[in-house]
file model_7.cif (mmCIF, C-alpha atoms and all ligand atoms)
data_structure
loop_
_atom_site.label_atom_id
_atom_site.label_comp_id
_atom_site.auth_asym_id
_atom_site.auth_seq_id
_atom_site.Cartn_x
_atom_site.Cartn_y
_atom_site.Cartn_z
CA MET T 1 174.78 79.93 160.28
CA LYS T 2 175.70 77.43 157.58
CA LEU T 3 176.48 73.90 158.62
CA ALA T 4 179.33 74.01 156.16
CA ASP T 5 180.78 76.82 158.19
CA ASN T 6 182.96 74.61 160.29
CA GLN T 7 184.51 77.31 162.39
CA ILE T 8 181.18 78.43 163.82
CA ILE T 9 180.06 74.86 164.39
CA ASN T 10 183.35 74.02 166.02
CA GLN T 11 183.03 76.97 168.36
CA LYS T 12 179.45 76.00 169.23
CA LEU T 13 180.44 72.40 169.87
CA HIS T 14 183.34 73.56 171.96
CA GLU T 15 180.96 75.58 174.16
CA LEU T 16 178.55 72.68 174.33
CA PHE T 17 181.15 70.21 175.56
CA GLU T 18 183.15 72.61 177.69
CA LYS T 19 181.83 71.12 180.90
CA TYR T 20 182.67 67.58 179.80
CA SER T 21 185.85 66.41 181.39
CA ILE T 22 186.54 63.51 179.03
CA ASP T 23 186.02 62.48 175.42
CA LYS T 24 185.58 66.03 174.14
CA ASP T 25 187.04 65.22 170.73
CA GLU T 26 185.01 62.07 170.39
CA LYS T 27 181.83 63.98 171.33
CA LYS T 28 182.57 66.59 168.69
CA LEU T 29 183.08 63.94 166.02
CA GLN T 30 179.87 62.15 167.04
CA SER T 31 178.08 65.50 166.94
CA GLN T 32 179.19 66.18 163.38
CA ASN T 33 178.01 62.74 162.30
CA TYR T 34 174.73 63.22 164.15
CA MET T 35 174.05 66.60 162.56
CA ASP T 36 174.70 65.08 159.13
CA ALA T 37 172.24 62.32 159.99
CA VAL T 38 169.59 64.87 161.01
CA LYS T 39 170.08 66.58 157.64
CA ASP T 40 169.57 63.23 155.93
CA LEU T 41 166.47 62.61 158.04
CA ILE T 42 164.99 65.95 156.98
CA ALA T 43 165.62 65.08 153.32
CA LEU T 44 164.30 61.55 153.85
CA CYS T 45 161.07 62.96 155.28
CA GLY T 46 160.71 65.11 152.21
CA ASP T 47 161.95 68.57 153.09
CA ASP T 48 164.98 70.61 152.10
CA PRO T 49 167.57 70.63 154.92
CA ASN T 50 169.16 73.74 153.43
CA ARG T 51 166.10 75.96 153.44
CA GLN T 52 166.30 78.83 155.89
CA GLY T 53 164.06 77.53 158.67
CA LEU T 54 165.79 74.16 158.78
CA GLU T 55 169.37 75.26 158.30
CA GLU T 56 170.21 75.40 162.00
CA THR T 57 167.89 72.58 163.00
CA PRO T 58 170.54 69.81 163.18
CA PHE T 59 172.50 71.81 165.76
CA ARG T 60 169.34 72.68 167.70
CA VAL T 61 168.25 69.03 167.73
CA LEU T 62 171.67 68.02 168.99
CA LYS T 63 171.59 70.62 171.74
CA ALA T 64 168.04 69.73 172.75
CA HIS T 65 168.86 66.03 172.98
CA LEU T 66 171.83 66.72 175.20
CA GLU T 67 169.49 68.68 177.48
CA TYR T 68 166.83 65.97 177.47
CA THR T 69 169.48 63.45 178.55
CA GLU T 70 171.32 65.48 181.16
CA GLY T 71 170.53 62.75 183.68
CA TYR T 72 173.28 60.53 182.26
CA ARG T 73 175.84 62.98 183.56
CA GLU T 74 174.89 62.72 187.20
CA ASP T 75 174.06 60.14 189.83
CA PRO T 76 170.49 61.13 190.82
CA ARG T 77 170.87 59.34 194.16
CA GLU T 78 173.32 62.04 195.24
CA HIS T 79 170.41 64.49 195.70
CA LEU T 80 168.92 62.24 198.37
CA ARG T 81 172.10 62.08 200.40
CA LYS T 82 171.16 65.41 201.97
CA PHE T 83 168.88 63.86 204.53
CA PHE T 84 167.81 64.70 208.06
CA ASP T 85 167.50 62.43 211.04
CA VAL T 86 163.95 62.34 212.35
CA ASP T 87 161.89 60.37 214.73
CA HIS T 88 158.99 59.88 212.34
CA ASN T 89 157.81 56.54 211.07
CA GLU T 90 154.48 57.33 209.52
CA LEU T 91 153.77 57.56 205.82
CA VAL T 92 155.30 60.55 204.01
CA VAL T 93 153.79 61.30 200.59
CA VAL T 94 155.20 63.60 197.93
CA LYS T 95 152.65 64.07 195.17
CA ASP T 96 152.64 65.44 191.65
CA ILE T 97 156.36 65.62 190.95
CA GLU T 98 156.42 66.73 187.34
CA PHE T 99 158.79 64.97 184.98
CA TYR T 100 159.65 65.19 181.32
CA SER T 101 161.32 62.25 179.62
CA LEU T 102 162.10 60.71 176.25
CA CYS T 103 160.79 57.29 175.22
CA GLU T 104 163.71 55.12 174.24
CA HIS T 105 161.78 53.36 171.49
CA HIS T 106 160.79 56.41 169.46
CA PHE T 107 162.70 59.34 171.00
CA ALA T 108 159.24 60.83 171.53
CA PRO T 109 158.51 62.79 174.70
CA PHE T 110 156.58 61.26 177.53
CA PHE T 111 155.73 63.30 180.58
CA GLY T 112 153.51 63.44 183.59
CA VAL T 113 153.76 63.17 187.36
CA ALA T 114 155.40 60.87 189.87
CA HIS T 115 154.11 60.26 193.40
CA VAL T 116 156.42 58.92 196.07
CA GLY T 117 155.30 57.51 199.41
CA TYR T 118 157.69 56.19 202.03
CA ILE T 119 157.86 55.26 205.66
CA PRO T 120 161.08 56.68 207.09
CA ASN T 121 163.37 54.63 209.22
CA GLY T 122 165.06 57.58 210.92
CA LYS T 123 165.93 59.50 207.74
CA ILE T 124 163.92 61.91 205.63
CA THR T 125 164.97 64.08 202.74
CA GLY T 126 163.82 67.46 201.47
CA LEU T 127 160.89 67.44 199.07
CA SER T 128 162.83 69.28 196.39
CA LYS T 129 165.59 66.67 196.60
CA ILE T 130 163.15 63.95 195.61
CA GLY T 131 162.10 66.10 192.66
CA ARG T 132 165.71 66.50 191.52
CA MET T 133 166.31 62.77 191.83
CA VAL T 134 163.23 62.05 189.67
CA ASP T 135 164.50 64.56 187.12
CA GLY T 136 167.90 62.86 186.99
CA TYR T 137 166.31 59.57 185.97
CA ALA T 138 163.70 61.15 183.69
CA LYS T 139 166.32 62.98 181.65
CA ARG T 140 167.54 59.85 179.90
CA PHE T 141 166.28 57.56 177.17
CA GLN T 142 163.64 55.82 179.20
CA VAL T 143 160.70 53.52 179.51
CA GLN T 144 158.21 54.44 182.19
CA GLU T 145 158.54 51.08 183.95
CA ARG T 146 162.29 51.51 184.45
CA LEU T 147 161.88 55.13 185.53
CA THR T 148 159.39 54.03 188.19
CA ASN T 149 161.72 51.30 189.46
CA GLN T 150 164.76 53.55 189.51
CA ILE T 151 162.92 56.12 191.64
CA ALA T 152 161.88 53.44 194.13
CA SER T 153 165.38 51.91 194.22
CA ALA T 154 167.07 55.26 194.80
CA MET T 155 164.76 56.00 197.74
CA ASP T 156 165.36 52.51 199.09
CA GLU T 157 169.14 52.56 198.74
CA VAL T 158 169.83 56.01 200.13
CA LEU T 159 167.17 56.49 202.81
CA THR T 160 166.72 52.78 203.70
CA PRO T 161 163.07 53.42 204.64
CA LEU T 162 160.80 50.75 206.08
CA GLY T 163 158.97 50.85 202.78
CA VAL T 164 158.58 52.91 199.63
CA MET T 165 155.98 53.01 196.87
CA VAL T 166 156.08 54.97 193.64
CA VAL T 167 153.26 55.68 191.19
CA VAL T 168 154.06 57.30 187.85
CA GLU T 169 151.40 58.62 185.47
CA GLY T 170 152.66 59.39 182.00
CA LYS T 171 151.35 60.58 178.69
CA HIS T 172 153.32 59.18 175.76
CA MET T 173 153.53 61.19 172.58
CA CYS T 174 154.47 58.05 170.68
CA MET T 175 150.99 56.76 171.54
CA CYS T 176 149.23 60.08 171.12
CA GLY T 177 150.72 61.34 167.89
CA ARG T 178 150.99 58.28 165.73
CA GLY T 179 149.56 54.85 165.08
CA ILE T 180 146.71 54.25 167.46
CA LYS T 181 146.29 57.98 168.22
CA LYS T 182 144.80 57.64 171.68
CA LYS T 183 145.29 61.22 172.65
CA ASP T 184 143.92 61.05 176.17
CA SER T 185 145.39 57.75 177.32
CA THR T 186 147.60 57.78 180.38
CA THR T 187 149.95 55.00 181.43
CA THR T 188 150.22 54.26 185.14
CA THR T 189 153.11 52.25 186.58
CA THR T 190 153.93 51.34 190.16
CA ALA T 191 156.92 50.03 192.08
CA SER T 192 157.20 49.14 195.74
CA LYS T 193 159.76 48.00 198.28
CA GLY T 194 159.73 46.86 201.88
CA LEU T 195 156.46 47.12 203.80
CA PHE T 196 154.54 48.23 200.71
CA THR T 197 155.17 44.97 198.87
CA ASP T 198 153.04 42.82 201.14
CA ASN T 199 150.82 45.20 203.10
CA PRO T 200 147.58 45.88 201.19
CA GLU T 201 146.37 48.31 203.87
CA LEU T 202 149.45 50.46 203.47
CA ARG T 203 149.19 50.43 199.69
CA LYS T 204 145.55 51.43 200.02
CA GLU T 205 146.40 54.28 202.40
CA PHE T 206 149.01 55.62 199.96
CA LEU T 207 146.77 55.29 196.92
CA SER T 208 143.85 56.93 198.72
CA LEU T 209 146.05 59.96 199.41
CA LEU T 210 146.64 60.27 195.66
CA ASP T 211 142.92 60.46 194.88
CA ARG T 212 141.86 63.81 193.68
ZN ZN F 1 157.58 55.24 172.35
#

call {"tool": "encode", "arguments": {"input": "model_7.cif", "output": "structure tokens"}}
result
Amino acid sequence: MKLADNQIINQKLHELFEKYSIDKDEKKLQSQNYMDAVKDLIALCGDDPNRQGLEETPFRVLKAHLEYTEGYREDPREHLRKFFDVDHNELVVVKDIEFYSLCEHHFAPFFGVAHVGYIPNGKITGLSKIGRMVDGYAKRFQVQERLTNQIASAMDEVLTPLGVMVVVEGKHMCMCGRGIKKKDSTTTTTASKGLFTDNPELRKEFLSLLDR
């Protein structure tokens, strides 16, 4: 495929934006500009954007970034709306929810696990639903602090639990691969609502369940 071959590109873009209900033409125009910019970036970095291995890269990068940011095209809270009524008001903990995100400062991947603890107030949701909600927020241009808060807020808004606490552990490629090169450093962020904000015992109980 040659980038100059507009018919092929047009067809590919058409397929890519088929599921978009609005702004298809604008998305296609932005895509063309973006792919040109990726070509420029390749040249700027010192390689030949027209050599065989790199020829299709601008399109692949475009497609990959649309996948990494799929979360913008959904409301992650919707996943939680499939809840069940229960008579359970003890701590529920969902551990090790894997996520994969993109740091908004460098467009570098950051990834790791999220742990969610909550005390239901009559409503619980399926474990996989929490995972999908986390995914919906992770697949955006993010900072880990905001991701952590958004997960806690979604739980709080939809399930109105007595309390919720979220711990996110992430490895940031922008820290690992460049500059300070701390390849094993992990960033931990927390967010809490309701009972967890002012009950040290409860926080301790949750955190102790995360110990491995
Ligand atoms: Zn970064």

call {"tool": "residues_near_ligand", "arguments": {"input": "model_7.cif", "ligand": "ligand ZN 1 (chain F)", "cutoff": "12 Å", "atoms": "all atoms listed in the file", "output": "count of residues only"}}
result
27

call {"tool": "atom_distance", "arguments": {"input": "model_7.cif", "atom1": "CA of Lys95 in chain T", "atom2": "CA of Ala114 in chain T"}}
result
6.8 Å

call {"tool": "residues_around", "arguments": {"input": "model_7.cif", "residues": "Thr69 in chain T", "least_positions_apart": "4", "cutoff": "8 Å", "atoms": "only C-alpha atoms", "output": "compact mmCIF listing (two decimals) with C-alpha atoms, in the coordinates of the input"}}
result
# COMPACT_ATOMS: atom_id res chain seq x y z
CA HIS T 65 168.86 66.03 172.98
CA LYS T 139 166.32 62.98 181.65
CA ARG T 140 167.54 59.85 179.90
CA PHE T 141 166.28 57.56 177.17

call {"tool": "closest_residue", "arguments": {"input": "model_7.cif", "among": "T:Glu15, T:Asp96, T:Asp87, T:Glu67", "to": "Leu127 in chain T", "atoms": "all atoms listed in the file"}}
result
T:Asp96

call {"tool": "atom_distance", "arguments": {"input": "model_7.cif", "atom1": "CA of Ser128 in chain T", "atom2": "CA of Leu16 in chain T"}}
result
27.3 Å

call {"tool": "atom_distance", "arguments": {"input": "model_7.cif", "atom1": "CA of Gly71 in chain T", "atom2": "CA of Leu41 in chain T"}}
result
26.0 Å

call {"tool": "residues_around", "arguments": {"input": "model_7.cif", "residues": "Lys193 in chain T", "least_positions_apart": "5", "cutoff": "10 Å", "atoms": "only C-alpha atoms", "output": "VMD selection string"}}
result
chain T and resid 118 149 152 to 153 155 to 156 161 to 166 198

call {"tool": "closest_residue", "arguments": {"input": "model_7.cif", "among": "T:Glu26, T:Glu98, T:Asp135, T:Asp47", "to": "Arg73 in chain T", "atoms": "all atoms listed in the file"}}
result
T:Asp135

call {"tool": "closest_residue", "arguments": {"input": "model_7.cif", "among": "T:Lys39, T:His79, T:His115, T:Lys28", "to": "Leu54 in chain T", "atoms": "only C-alpha atoms"}}
result
T:Lys39

call {"tool": "axis_aligned_box", "arguments": {"input": "model_7.cif", "around": "range 142-157 of chain T", "padding_each_side": "3 Å", "output": "AutoDock Vina command-line options"}}
result
--center_x 163.7 --center_y 53.6 --center_z 189.1 --size_x 16.9 --size_y 11.0 --size_z 25.9

call {"tool": "residues_around", "arguments": {"input": "model_7.cif", "residues": "Glu78 in chain T", "least_positions_apart": "4", "cutoff": "10 Å", "atoms": "only C-alpha atoms", "output": "PyMOL selection string"}}
result
chain T and resi 74+82+129+132-133+136+154+158

call {"tool": "residues_near_point", "arguments": {"input": "model_7.cif", "point": "(145.6, 58.4, 195.8)", "cutoff": "12 Å", "atoms": "all atoms listed in the file", "output": "ChimeraX atom specification"}}
result
/T:93-96,114-117,165-169,202-212

call {"tool": "closest_residue", "arguments": {"input": "model_7.cif", "among": "T:Asp25, T:Ser185, T:Tyr34, T:Cys45", "to": "Val61 in chain T", "atoms": "only C-alpha atoms"}}
result
T:Tyr34

call {"tool": "residues_around", "arguments": {"input": "model_7.cif", "residues": "Gln32 in chain T", "least_positions_apart": "2", "cutoff": "12 Å", "atoms": "all atoms listed in the file", "output": "short mmCIF file (atom, residue, chain, number, x, y, z; two decimals) with C-alpha atoms, keeping the file's coordinate frame"}}
result
data_model
loop_
_atom_site.label_atom_id
_atom_site.label_comp_id
_atom_site.auth_asym_id
_atom_site.auth_seq_id
_atom_site.Cartn_x
_atom_site.Cartn_y
_atom_site.Cartn_z
CA LEU T 3 176.48 73.90 158.62
CA ALA T 4 179.33 74.01 156.16
CA ASP T 5 180.78 76.82 158.19
CA ASN T 6 182.96 74.61 160.29
CA ILE T 9 180.06 74.86 164.39
CA ASN T 10 183.35 74.02 166.02
CA LYS T 12 179.45 76.00 169.23
CA LEU T 13 180.44 72.40 169.87
CA ASP T 25 187.04 65.22 170.73
CA GLU T 26 185.01 62.07 170.39
CA LYS T 27 181.83 63.98 171.33
CA LYS T 28 182.57 66.59 168.69
CA LEU T 29 183.08 63.94 166.02
CA GLN T 30 179.87 62.15 167.04
CA TYR T 34 174.73 63.22 164.15
CA MET T 35 174.05 66.60 162.56
CA ASP T 36 174.70 65.08 159.13
CA ALA T 37 172.24 62.32 159.99
CA VAL T 38 169.59 64.87 161.01
CA LYS T 39 170.08 66.58 157.64
CA PRO T 58 170.54 69.81 163.18
CA PHE T 59 172.50 71.81 165.76
CA LEU T 62 171.67 68.02 168.99
#
